[in-house]
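Engineer: This is the content of coords17.cif (mmCIF, C-alpha atoms and all ligand atoms):
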data_coords
loop_
_atom_site.label_atom_id
_atom_site.label_comp_id
_atom_site.auth_asym_id
_atom_site.auth_seq_id
_atom_site.Cartn_x
_atom_site.Cartn_y
_atom_site.Cartn_z
CA MET A 1 38.88 94.59 -51.24
CA ILE A 2 37.26 97.01 -53.62
CA PHE A 3 34.98 98.14 -50.88
CA ALA A 4 38.00 98.84 -48.71
CA ARG A 5 39.30 101.18 -51.43
CA LEU A 6 36.06 103.09 -51.64
CA ARG A 7 35.89 103.24 -47.89
CA GLU A 8 39.40 104.65 -47.74
CA SER A 9 38.56 107.16 -50.47
CA LEU A 10 35.70 108.49 -48.45
CA ARG A 11 37.77 108.69 -45.31
CA ARG A 12 38.04 112.47 -45.33
CA THR A 13 34.39 113.01 -46.10
CA ARG A 14 33.51 110.56 -43.38
CA GLU A 15 35.84 112.12 -40.83
CA LYS A 16 34.31 115.49 -41.46
CA LEU A 17 30.80 114.12 -41.13
CA ALA A 18 31.36 111.36 -38.66
CA GLY A 19 33.09 113.45 -36.01
CA GLY A 20 29.94 115.53 -35.93
CA PHE A 21 27.66 112.51 -36.26
CA SER A 22 29.19 110.70 -33.35
CA LYS A 23 28.95 113.84 -31.27
CA LEU A 24 25.34 114.30 -32.20
CA PHE A 25 24.20 110.72 -31.98
CA GLY A 26 26.61 109.55 -29.30
CA LEU A 27 25.52 111.81 -26.49
CA LYS A 28 22.15 110.13 -26.01
CA ARG A 29 20.47 113.45 -26.46
CA GLU A 30 16.78 114.07 -26.47
CA LEU A 31 15.35 114.43 -29.95
CA ASP A 32 14.32 118.06 -30.41
CA GLU A 33 14.37 120.88 -32.96
CA ALA A 34 17.87 121.93 -31.92
CA PHE A 35 19.14 118.43 -32.62
CA LEU A 36 17.65 118.50 -36.11
CA ALA A 37 19.14 121.93 -36.77
CA GLU A 38 22.58 120.64 -35.84
CA LEU A 39 22.13 117.63 -38.08
CA GLU A 40 21.18 119.90 -40.95
CA ALA A 41 24.29 122.05 -40.48
CA LEU A 42 26.39 118.91 -40.45
CA LEU A 43 24.97 117.64 -43.73
CA PHE A 44 25.63 121.03 -45.33
CA ALA A 45 29.20 120.90 -44.10
CA GLY A 46 29.47 117.53 -45.84
CA ASP A 47 28.50 119.19 -49.14
CA LEU A 48 25.16 117.49 -49.44
CA GLY A 49 23.76 120.82 -50.56
CA PRO A 50 20.03 120.96 -51.29
CA ALA A 51 19.71 117.29 -50.49
CA ALA A 52 20.35 118.24 -46.86
CA LEU A 53 17.45 120.70 -46.84
CA ASP A 54 15.09 118.18 -48.30
CA VAL A 55 16.06 115.36 -45.99
CA LEU A 56 15.77 117.61 -42.97
CA ALA A 57 12.36 118.87 -44.03
CA LYS A 58 11.17 115.27 -44.05
CA LEU A 59 12.81 114.44 -40.72
CA ARG A 60 11.27 117.55 -39.12
CA ALA A 61 7.81 116.69 -40.39
CA GLU A 62 8.07 113.14 -39.12
CA TYR A 63 9.39 114.35 -35.77
CA ARG A 64 6.48 116.76 -35.39
CA GLU A 65 4.05 113.98 -36.25
CA ARG A 66 5.76 111.88 -33.58
CA GLN A 67 6.86 109.19 -36.00
CA LEU A 68 10.42 109.81 -34.89
CA LYS A 69 10.91 109.74 -31.14
CA THR A 70 14.59 109.17 -30.51
CA THR A 71 17.84 110.16 -32.13
CA ASP A 72 18.28 106.50 -33.07
CA ASP A 73 15.03 106.68 -35.04
CA VAL A 74 16.47 109.70 -36.84
CA ARG A 75 19.70 107.89 -37.67
CA THR A 76 17.87 104.96 -39.24
CA ARG A 77 15.53 107.21 -41.15
CA LEU A 78 18.37 109.44 -42.33
CA ARG A 79 20.09 106.55 -44.03
CA ALA A 80 16.87 105.44 -45.70
CA LEU A 81 16.19 108.95 -47.00
CA LEU A 82 19.72 109.32 -48.36
CA ARG A 83 19.39 105.91 -49.96
CA GLU A 84 16.20 106.98 -51.73
CA LYS A 85 18.00 110.02 -53.07
CA LEU A 86 20.73 107.97 -54.66
CA GLY A 87 18.31 105.93 -56.75
CA ALA A 88 18.86 102.46 -58.15
CA PRO A 89 22.38 101.23 -58.78
CA ASP A 90 22.91 101.71 -62.46
CA ALA A 91 26.55 101.19 -63.25
CA GLU A 92 26.49 99.02 -66.33
CA LEU A 93 26.95 100.92 -69.53
CA ALA A 94 24.45 100.78 -72.36
CA ARG A 95 25.46 98.56 -75.25
CA ALA A 96 24.78 98.99 -78.93
CA ALA A 97 22.58 96.20 -80.31
CA SER A 98 25.20 95.75 -83.00
CA GLY A 99 28.40 97.53 -83.95
CA PRO A 100 30.52 99.65 -81.65
CA THR A 101 29.16 101.12 -78.45
CA VAL A 102 30.26 104.74 -78.26
CA VAL A 103 30.96 106.47 -74.97
CA LEU A 104 31.48 110.22 -75.13
CA ILE A 105 33.40 111.73 -72.23
CA VAL A 106 32.84 115.41 -71.44
CA GLY A 107 33.74 117.81 -68.64
CA VAL A 108 35.77 120.91 -67.84
CA ASN A 109 39.55 121.07 -68.12
CA GLY A 110 41.35 119.20 -65.40
CA SER A 111 38.28 117.39 -64.12
CA GLY A 112 39.82 114.00 -64.94
CA LYS A 113 38.43 113.19 -68.40
CA THR A 114 41.51 111.74 -70.05
CA THR A 115 42.37 109.67 -66.99
CA SER A 116 38.78 108.43 -66.85
CA VAL A 117 38.90 107.47 -70.54
CA ALA A 118 41.93 105.32 -69.75
CA LYS A 119 40.28 103.78 -66.69
CA LEU A 120 37.10 102.98 -68.56
CA ALA A 121 39.11 101.56 -71.46
CA ARG A 122 40.93 99.30 -69.05
CA ARG A 123 37.72 98.18 -67.41
CA CYS A 124 36.06 97.32 -70.74
CA GLN A 125 39.18 95.58 -71.91
CA LEU A 126 39.36 93.45 -68.77
CA ALA A 127 35.75 92.48 -69.47
CA GLY A 128 36.96 91.01 -72.76
CA ARG A 129 35.83 93.78 -75.06
CA LYS A 130 37.82 95.27 -77.91
CA VAL A 131 38.41 98.92 -77.08
CA MET A 132 39.48 101.98 -79.03
CA VAL A 133 39.94 105.55 -77.81
CA ALA A 134 39.68 108.75 -79.84
CA ALA A 135 41.72 111.84 -78.91
CA CYS A 136 39.25 114.63 -79.68
CA ASP A 137 40.91 117.07 -77.31
CA THR A 138 43.09 118.51 -80.07
CA PHE A 139 43.42 121.86 -78.38
CA ARG A 140 46.70 121.07 -76.64
CA ALA A 141 49.38 118.75 -78.05
CA ALA A 142 49.98 117.52 -74.52
CA ALA A 143 46.40 116.28 -74.28
CA VAL A 144 46.80 114.00 -77.30
CA GLU A 145 50.15 112.74 -76.00
CA GLN A 146 48.64 112.07 -72.59
CA LEU A 147 45.91 109.89 -74.07
CA ALA A 148 48.42 108.16 -76.37
CA THR A 149 50.57 107.27 -73.37
CA TRP A 150 47.56 105.87 -71.57
CA ALA A 151 46.42 103.92 -74.62
CA GLN A 152 49.82 102.31 -74.88
CA ARG A 153 49.96 101.54 -71.18
CA VAL A 154 46.49 100.02 -71.14
CA GLY A 155 47.03 98.34 -74.50
CA VAL A 156 44.17 99.76 -76.57
CA ALA A 157 44.08 101.31 -80.03
CA ILE A 158 43.99 105.08 -80.39
CA VAL A 159 42.80 107.36 -83.18
CA ARG A 160 44.50 110.74 -83.19
CA LYS A 161 45.42 113.68 -85.35
CA GLU A 162 47.79 116.61 -85.04
CA GLN A 163 47.24 119.39 -82.54
CA GLY A 164 44.67 121.90 -83.73
CA ALA A 165 42.82 119.40 -85.92
CA ASP A 166 39.03 119.57 -85.94
CA PRO A 167 37.79 117.45 -83.01
CA ALA A 168 34.87 116.30 -85.15
CA ALA A 169 37.30 115.04 -87.80
CA VAL A 170 39.02 112.90 -85.17
CA ALA A 171 35.63 111.65 -84.00
CA PHE A 172 34.75 110.76 -87.59
CA ASP A 173 38.00 108.85 -88.09
CA GLY A 174 37.40 107.08 -84.78
CA ALA A 175 33.90 106.01 -85.74
CA VAL A 176 35.05 104.77 -89.16
CA ALA A 177 37.98 102.85 -87.66
CA ALA A 178 35.84 101.39 -84.89
CA VAL A 179 33.33 100.01 -87.40
CA ALA A 180 36.01 98.76 -89.80
CA GLN A 181 38.00 97.04 -87.07
CA GLY A 182 35.05 95.48 -85.29
CA VAL A 183 35.66 97.44 -82.08
CA ASP A 184 33.21 96.78 -79.23
CA VAL A 185 33.67 100.06 -77.38
CA LEU A 186 34.84 103.41 -78.71
CA ILE A 187 35.62 105.91 -75.96
CA VAL A 188 35.87 109.52 -77.08
CA ASP A 189 37.92 112.05 -75.11
CA THR A 190 37.01 115.71 -75.60
CA ALA A 191 38.28 119.18 -74.70
CA GLY A 192 36.62 120.98 -71.84
CA ARG A 193 37.13 124.59 -72.69
CA LEU A 194 34.38 126.59 -71.12
CA HIS A 195 35.15 129.93 -72.74
CA THR A 196 31.59 130.34 -73.80
CA ARG A 197 28.74 127.94 -73.64
CA ASP A 198 28.12 128.41 -77.36
CA ASP A 199 31.67 127.35 -78.28
CA LEU A 200 31.35 124.25 -76.21
CA MET A 201 27.91 123.46 -77.49
CA GLN A 202 29.06 123.82 -81.06
CA GLU A 203 32.12 121.68 -80.62
CA LEU A 204 30.42 118.87 -78.71
CA GLY A 205 27.36 119.07 -80.92
CA LYS A 206 29.48 118.58 -84.01
CA VAL A 207 31.36 115.66 -82.48
CA ARG A 208 28.07 114.04 -81.56
CA ARG A 209 26.54 114.53 -84.99
CA VAL A 210 29.54 113.11 -86.79
CA ILE A 211 29.53 110.00 -84.62
CA GLU A 212 25.78 109.58 -84.92
CA LYS A 213 25.95 109.77 -88.69
CA LYS A 214 28.46 106.97 -88.88
CA ILE A 215 27.03 104.86 -86.04
CA PRO A 216 23.25 105.21 -85.69
CA GLY A 217 22.17 105.51 -82.05
CA ALA A 218 25.61 106.70 -80.93
CA PRO A 219 26.81 108.02 -78.60
CA HIS A 220 25.18 105.38 -76.43
CA GLU A 221 26.50 107.03 -73.31
CA THR A 222 27.59 110.58 -72.63
CA LEU A 223 29.35 110.71 -69.30
CA LEU A 224 30.21 113.93 -67.54
CA VAL A 225 33.41 113.82 -65.52
CA LEU A 226 33.23 115.90 -62.35
CA ASP A 227 36.04 116.68 -59.97
CA ALA A 228 34.79 115.62 -56.55
CA THR A 229 37.20 117.95 -54.79
CA THR A 230 35.24 120.93 -56.06
CA GLY A 231 32.08 119.91 -54.20
CA GLN A 232 29.19 122.22 -54.95
CA ASN A 233 31.15 123.85 -57.80
CA ALA A 234 31.03 120.54 -59.62
CA ILE A 235 27.26 120.80 -59.58
CA ARG A 236 27.32 124.19 -61.22
CA GLN A 237 29.66 122.86 -63.92
CA ALA A 238 27.35 119.95 -64.43
CA GLU A 239 24.39 122.24 -64.92
CA VAL A 240 26.17 124.01 -67.76
CA PHE A 241 26.89 120.71 -69.46
CA THR A 242 23.33 119.47 -69.14
CA GLN A 243 22.33 122.48 -71.21
CA VAL A 244 24.92 121.68 -73.85
CA VAL A 245 24.61 117.96 -74.40
CA PRO A 246 22.25 115.21 -73.16
CA LEU A 247 24.03 113.38 -70.36
CA THR A 248 23.47 109.78 -69.31
CA GLY A 249 25.63 109.74 -66.22
CA VAL A 250 28.46 111.11 -64.16
CA ILE A 251 31.96 109.88 -63.45
CA LEU A 252 32.98 111.36 -60.13
CA ALA A 253 36.76 111.64 -60.32
CA LYS A 254 39.14 112.30 -57.42
CA LEU A 255 36.81 110.93 -54.79
CA ASP A 256 40.00 109.92 -53.00
CA GLY A 257 41.43 112.64 -50.86
CA THR A 258 38.39 114.88 -50.79
CA ALA A 259 36.16 115.73 -47.90
CA LYS A 260 33.38 116.62 -50.34
CA GLY A 261 32.11 113.14 -51.21
CA GLY A 262 28.69 114.21 -50.01
CA ALA A 263 28.35 116.08 -53.30
CA VAL A 264 27.29 112.76 -54.83
CA LEU A 265 23.91 113.25 -53.20
CA ALA A 266 23.58 116.76 -54.49
CA ILE A 267 24.49 115.69 -58.02
CA ARG A 268 21.78 113.09 -58.12
CA GLU A 269 19.27 115.49 -56.63
CA ARG A 270 19.99 118.47 -58.82
CA LEU A 271 20.74 116.80 -62.13
CA GLY A 272 18.62 113.69 -61.96
CA ILE A 273 21.41 111.65 -63.54
CA PRO A 274 23.18 108.82 -61.77
CA VAL A 275 26.80 108.72 -60.70
CA ARG A 276 27.98 105.67 -62.63
CA PHE A 277 31.66 105.41 -61.70
CA ALA A 278 34.01 106.81 -59.12
CA GLY A 279 37.67 107.66 -59.71
CA ILE A 280 39.67 106.90 -56.61
CA GLY A 281 43.26 107.55 -57.63
CA GLU A 282 45.54 108.31 -60.54
CA LYS A 283 46.15 104.77 -61.81
CA ALA A 284 44.17 102.88 -64.42
CA ASP A 285 42.71 100.52 -61.83
CA ASP A 286 41.66 103.28 -59.45
CA PHE A 287 38.12 103.20 -60.73
CA GLU A 288 34.95 101.45 -59.70
CA PRO A 289 31.25 101.30 -60.40
CA PHE A 290 29.36 103.53 -58.08
CA ASP A 291 27.24 101.50 -55.68
CA PRO A 292 24.81 103.57 -53.56
CA GLU A 293 24.65 101.02 -50.72
CA ARG A 294 28.39 100.82 -50.42
CA PHE A 295 28.68 104.55 -50.69
CA LEU A 296 26.33 105.06 -47.75
CA ASP A 297 28.00 102.30 -45.76
CA ALA A 298 31.33 103.97 -46.30
CA LEU A 299 29.96 107.43 -45.58
CA LEU A 300 27.89 106.69 -42.52
CA GLU A 301 29.68 103.65 -41.17
CA GLU A 302 31.02 105.32 -38.04
CA THR A 303 27.57 106.38 -37.10
CA GLN A 304 26.07 102.90 -37.23
CA GLY A 305 25.85 100.74 -34.17
CA GLY A 306 26.75 103.54 -31.76
CA GLY A 307 30.20 102.11 -31.09
CA GLU A 308 31.91 105.41 -31.70
CA SER A 309 33.66 107.38 -28.99
CA GLU A 310 31.84 110.45 -27.86
CA GLY A 311 34.44 112.96 -29.07
N1 LIG B 1 43.72 111.52 -57.04
C1 LIG B 1 43.12 111.43 -58.23
N2 LIG B 1 43.58 112.15 -59.26
C2 LIG B 1 42.95 112.05 -60.45
C3 LIG B 1 41.82 111.21 -60.62
N3 LIG B 1 41.41 111.34 -61.90
C4 LIG B 1 42.26 112.21 -62.51
N4 LIG B 1 43.21 112.65 -61.64
C5 LIG B 1 44.28 113.62 -61.87
O1 LIG B 1 43.72 114.88 -62.23
C6 LIG B 1 44.55 115.56 -63.16
C7 LIG B 1 43.73 115.95 -64.39
O2 LIG B 1 43.29 114.77 -65.04
P1 LIG B 1 43.03 114.69 -66.60
O3 LIG B 1 42.54 113.32 -66.89
O4 LIG B 1 44.21 115.15 -67.37
O5 LIG B 1 41.85 115.75 -66.74
P2 LIG B 1 41.20 116.36 -68.08
O6 LIG B 1 41.81 117.69 -68.30
O7 LIG B 1 39.73 116.48 -67.76
O8 LIG B 1 41.46 115.40 -69.18
C8 LIG B 1 45.67 114.59 -63.48
O9 LIG B 1 46.80 114.97 -62.72
C9 LIG B 1 45.15 113.24 -63.04
O10 LIG B 1 46.17 112.36 -62.65
C10 LIG B 1 41.32 110.47 -59.48
O11 LIG B 1 40.33 109.71 -59.51
N5 LIG B 1 42.03 110.62 -58.31
MG MG B 2 42.24 115.68 -71.04
#
Could I get this structure in the form of structure tokens?

Structural biologist:
Amino acid sequence: MIFARLRESLRRTREKLAGGFSKLFGLKRELDEAFLAELEALLFAGDLGPAALDVLAKLRAEYRERQLKTTDDVRTRLRALLREKLGAPDAELARAASGPTVVLIVGVNGSGKTTSVAKLARRCQLAGRKVMVAACDTFRAAAVEQLATWAQRVGVAIVRKEQGADPAAVAFDGAVAAVAQGVDVLIVDTAGRLHTRDDLMQELGKVRRVIEKKIPGAPHETLLVLDATTGQNAIRQAEVFTQVVPLTGVILAKLDGTAKGGAVLAIRERLGIPVRFAGIGEKADDFEPFDPERFLDALLEETQGGGESEG
């Protein structure tokens, strides 16, 4: 069932790619340089970015060395190369040896942070863990209210302060409360103002230090939320954040309804950090661990087996 949801989420990405794939692979063409050039253009159109260049360089080399003779050989090899790029599945979150595990959530405004905090809280709670969230986006009153509404809906504790409060002070209160109350997972929401990199670095740095002081080894995970609908732009955002705070993974939000799901490959390639979860809708349950095999199945499905019409 879950796979069906992911599959549906990637429908638009797949349609964009697969229409071209089935054209390319369905026509029983000879394998030649022109074919590989068309394949490359197609992967770019699917927002695979630099990953497309790299994969095609390998395919071209193997074609010239006559290791690849038919377009079917290329199709099989393409999947294997994309699979390599995605790395090992790595969805489970790190856990503190003792005391609360702290997950810091960062990303630009509107990327889906607060929603992802709620989704992750729900997931941890369903796994039987005691969860608390901290509303460190104190910049807008609405942001605190939004998280409070989610916390209530999901049924987890929240630590919050008034609008304009120091985010680090909220983080401190959260860490203290999490320890005192024997919380298993503390999930920290943050603001994503990107006015200047220094502002952001200072704010997130302070939040991190405060948490680390109270809970040694924390944050155990720092997850960057990226908006999948922004495709290659998401990668540029991510690069800024990697310079600001050490990241342990990505949550790719809004994978539903985008034709830019191929950006997953570019993220892994450019940032070297795994996509850990995918957001596939606006509800608390619209969230799943990112599984590279399933992702590729969902992405390339129509191109497997050659059963596709030759549109
Ligand atoms: N379709 C869809 N919408 C999402 C997803 N995640 C977040 N959103 C929506 O994106 C908007 C911004 O999300 P929010 O969590 O407030 O972003 P923040 O500013 O980073 O905290 C909201 O309208 C969310 O409902 C997702 O996985 N799929
Ligand atoms: Mg928010």

Engineer: Quick one: residues within 10 Å of Asp73 in chain A, all atoms listed in the file counted, chain neighbours fewer than 4 positions away excluded, as a PyMOL selection string?

Structural biologist: chain A and resi 31+59+63+67-69+77-78

Engineer: Pick from A:Glu38, A:Asp173, A:Glu65, A:Asp184: nearest to Lys214 in chain A, with all atoms listed in the file counted?

Structural biologist: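 Nearest to Lys214 in chain A: A:Asp173.
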
Engineer: Just checking: using all atoms listed in the file, which residue out of A:Ala168, A:Ser116, A:Leu226, A:Ala180 ends up closest to Lys206 in chain A?

Structural biologist: A:Ala168

Engineer: Mind pulling up the distance from CA of Cys124 in chain A to CA of Glu8 in chain A?

Structural biologist: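 Value for the CA of Glu8 in chain A-CA of Cys124 in chain A distance: 24.4 Å.
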
Engineer: Enumerate as a list in words the residues within 8 Å of ligand MG 2 (chain B), counting all atoms listed in the file.

Structural biologist: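 Result of the 8 Å neighbour search around ligand MG 2 (chain B): Asn109, Gly110, Gly112, Lys113, Thr114, Thr115, Asp137, Ala143, Val144, Gln146, Leu147, Asp189, Thr190, Ala191 and Gly192 of chain A.
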
Engineer: Between CA of Gly128 in chain A and CA of Phe277 in chain A, what is the distance in Å, rounded to a tenth?

Structural biologist: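 That distance, rounded to one decimal, is 18.9 Å.
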
Engineer: To one decimal place in Å, what is the distance between atom C2 of ligand LIG 1 (chain B) and CA of Thr138 in chain A?

Structural biologist: 20.7 Å

Engineer: Calculate, to one decimal in Å, the centre and edge lengths of the box along x, y and z of the file that holds all listed atoms of ligand LIG 1 (chain B) with 3 Å of margin on each side, and present them as JSON.

Structural biologist:
{"center_x": 43.3, "center_y": 113.7, "center_z": -63.1, "size_x": 13.1, "size_y": 14.0, "size_z": 18.1}

Engineer: Using all atoms listed in the file, list the residues that have an atom at most 8 Å from (36.2, 114.4, -45.4), coordinates as in the file, as a ChimeraX atom specification.

Structural biologist: /A:10-17,46,257-261

Engineer: Got time to write the residues from that selection, C-alpha atoms, as a compact mmCIF listing (two decimals), keeping the file's coordinate frame?

Structural biologist:
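As written to disk, out.txt reads:
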# COMPACT_ATOMS: atom_id res chain seq x y z
CA LEU A 10 35.70 108.49 -48.45
CA ARG A 11 37.77 108.69 -45.31
CA ARG A 12 38.04 112.47 -45.33
CA THR A 13 34.39 113.01 -46.10
CA ARG A 14 33.51 110.56 -43.38
CA GLU A 15 35.84 112.12 -40.83
CA LYS A 16 34.31 115.49 -41.46
CA LEU A 17 30.80 114.12 -41.13
CA GLY A 46 29.47 117.53 -45.84
CA GLY A 257 41.43 112.64 -50.86
CA THR A 258 38.39 114.88 -50.79
CA ALA A 259 36.16 115.73 -47.90
CA LYS A 260 33.38 116.62 -50.34
CA GLY A 261 32.11 113.14 -51.21

Engineer: Fewer than 4 positions away in the same chain doesn't count, so skip those; otherwise give me all residues within 12 Å of Ala135 in chain A, counting all atoms listed in the file, as an mmCIF file with C-alpha atoms, keeping the file's coordinate frame.

Structural biologist:
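Result went into out.cif, see below:
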data_model
loop_
_atom_site.group_PDB
_atom_site.id
_atom_site.type_symbol
_atom_site.label_atom_id
_atom_site.label_comp_id
_atom_site.auth_asym_id
_atom_site.auth_seq_id
_atom_site.Cartn_x
_atom_site.Cartn_y
_atom_site.Cartn_z
ATOM 1 C CA LEU A 104 31.480 110.220 -75.130
ATOM 2 C CA ILE A 105 33.400 111.730 -72.230
ATOM 3 C CA LYS A 113 38.430 113.190 -68.400
ATOM 4 C CA THR A 114 41.510 111.740 -70.050
ATOM 5 C CA VAL A 117 38.900 107.470 -70.540
ATOM 6 C CA ALA A 118 41.930 105.320 -69.750
ATOM 7 C CA PHE A 139 43.420 121.860 -78.380
ATOM 8 C CA ARG A 140 46.700 121.070 -76.640
ATOM 9 C CA ALA A 141 49.380 118.750 -78.050
ATOM 10 C CA ALA A 142 49.980 117.520 -74.520
ATOM 11 C CA ALA A 143 46.400 116.280 -74.280
ATOM 12 C CA VAL A 144 46.800 114.000 -77.300
ATOM 13 C CA GLU A 145 50.150 112.740 -76.000
ATOM 14 C CA GLN A 146 48.640 112.070 -72.590
ATOM 15 C CA LEU A 147 45.910 109.890 -74.070
ATOM 16 C CA ALA A 148 48.420 108.160 -76.370
ATOM 17 C CA THR A 149 50.570 107.270 -73.370
ATOM 18 C CA TRP A 150 47.560 105.870 -71.570
ATOM 19 C CA ALA A 151 46.420 103.920 -74.620
ATOM 20 C CA ALA A 157 44.080 101.310 -80.030
ATOM 21 C CA ILE A 158 43.990 105.080 -80.390
ATOM 22 C CA VAL A 159 42.800 107.360 -83.180
ATOM 23 C CA ARG A 160 44.500 110.740 -83.190
ATOM 24 C CA LYS A 161 45.420 113.680 -85.350
ATOM 25 C CA GLU A 162 47.790 116.610 -85.040
ATOM 26 C CA GLN A 163 47.240 119.390 -82.540
ATOM 27 C CA GLY A 164 44.670 121.900 -83.730
ATOM 28 C CA ALA A 165 42.820 119.400 -85.920
ATOM 29 C CA ASP A 166 39.030 119.570 -85.940
ATOM 30 C CA PRO A 167 37.790 117.450 -83.010
ATOM 31 C CA ALA A 168 34.870 116.300 -85.150
ATOM 32 C CA ALA A 169 37.300 115.040 -87.800
ATOM 33 C CA VAL A 170 39.020 112.900 -85.170
ATOM 34 C CA ALA A 171 35.630 111.650 -84.000
ATOM 35 C CA PHE A 172 34.750 110.760 -87.590
ATOM 36 C CA ASP A 173 38.000 108.850 -88.090
ATOM 37 C CA GLY A 174 37.400 107.080 -84.780
ATOM 38 C CA ALA A 175 33.900 106.010 -85.740
ATOM 39 C CA LEU A 186 34.840 103.410 -78.710
ATOM 40 C CA ILE A 187 35.620 105.910 -75.960
ATOM 41 C CA VAL A 188 35.870 109.520 -77.080
ATOM 42 C CA ASP A 189 37.920 112.050 -75.110
ATOM 43 C CA THR A 190 37.010 115.710 -75.600
ATOM 44 C CA ALA A 191 38.280 119.180 -74.700
ATOM 45 C CA VAL A 207 31.360 115.660 -82.480
#

Engineer: Return the single residue from A:Ala61, A:Ile267, A:Ile251, A:Leu43 that is closest to ligand LIG 1 (chain B), with distances computed using all atoms listed in the file.

Structural biologist: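 Nearest to ligand LIG 1 (chain B): A:Ile251.
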
Engineer: Which residue out of A:Leu252, A:Leu300, A:Ala121, A:Leu265 has the minimum interatomic distance to Val102 in chain A when all atoms listed in the file are used?

Structural biologist: A:Ala121

Engineer: Between A:Asp297, A:Glu288, A:Asp54, A:Glu282, single out the one closest to ligand LIG 1 (chain B), counting only C-alpha atoms and all ligand atoms.

Structural biologist: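 Answer, going by the shortest atom-to-atom distance: A:Glu282.
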
Engineer: Which residue gives the smallest distance to ligand LIG 1 (chain B) among A:Thr70, A:Thr242, A:Gln202, A:Ser111, with only C-alpha atoms and all ligand atoms counted?

Structural biologist: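 Looking only at the distances to ligand LIG 1 (chain B), the closest residue turns out to be A:Ser111.
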
Engineer: Using only C-alpha atoms, what does the table of range 164-244 of chain A residues within 10 Å of range 86-101 of chain A look like, with each row giving the shortest atom pair and its distance in Å to one decimal, sorted by chain and ascending number, as JSON lines?

Structural biologist:
{"residue": "A:Ala175", "atom": "CA", "partner": "A:Pro100", "partner_atom": "CA", "distance": 8.3}
{"residue": "A:Ala178", "atom": "CA", "partner": "A:Pro100", "partner_atom": "CA", "distance": 6.5}
{"residue": "A:Val179", "atom": "CA", "partner": "A:Pro100", "partner_atom": "CA", "distance": 6.4}
{"residue": "A:Ala180", "atom": "CA", "partner": "A:Gly99", "partner_atom": "CA", "distance": 9.7}
{"residue": "A:Gln181", "atom": "CA", "partner": "A:Pro100", "partner_atom": "CA", "distance": 9.6}
{"residue": "A:Gly182", "atom": "CA", "partner": "A:Gly99", "partner_atom": "CA", "distance": 7.1}
{"residue": "A:Val183", "atom": "CA", "partner": "A:Pro100", "partner_atom": "CA", "distance": 5.6}
{"residue": "A:Asp184", "atom": "CA", "partner": "A:Pro100", "partner_atom": "CA", "distance": 4.6}
{"residue": "A:Val185", "atom": "CA", "partner": "A:Thr101", "partner_atom": "CA", "distance": 4.8}
{"residue": "A:Leu186", "atom": "CA", "partner": "A:Thr101", "partner_atom": "CA", "distance": 6.1}
{"residue": "A:Ile187", "atom": "CA", "partner": "A:Thr101", "partner_atom": "CA", "distance": 8.4}
{"residue": "A:Ile215", "atom": "CA", "partner": "A:Pro100", "partner_atom": "CA", "distance": 7.7}
{"residue": "A:Pro216", "atom": "CA", "partner": "A:Ala96", "partner_atom": "CA", "distance": 9.3}
{"residue": "A:Gly217", "atom": "CA", "partner": "A:Ala96", "partner_atom": "CA", "distance": 7.7}
{"residue": "A:Ala218", "atom": "CA", "partner": "A:Thr101", "partner_atom": "CA", "distance": 7.1}
{"residue": "A:Pro219", "atom": "CA", "partner": "A:Thr101", "partner_atom": "CA", "distance": 7.3}
{"residue": "A:His220", "atom": "CA", "partner": "A:Thr101", "partner_atom": "CA", "distance": 6.2}
{"residue": "A:Glu221", "atom": "CA", "partner": "A:Ala94", "partner_atom": "CA", "distance": 6.6}

Engineer: Need the shell around Met201 in chain A: protein/DNA/RNA residues with any atom at most 7 Å away, counting only C-alpha atoms. Skip same-chain ones fewer than 4 positions apart. Format as a PyMOL selection string?

Structural biologist: chain A and resi 197+205+244

Engineer: Within 12 Å of (20.4, 123.9, -64.2), all atoms listed in the file: residues as a ChimeraX atom specification?

Structural biologist: /A:235-244,267,269-272
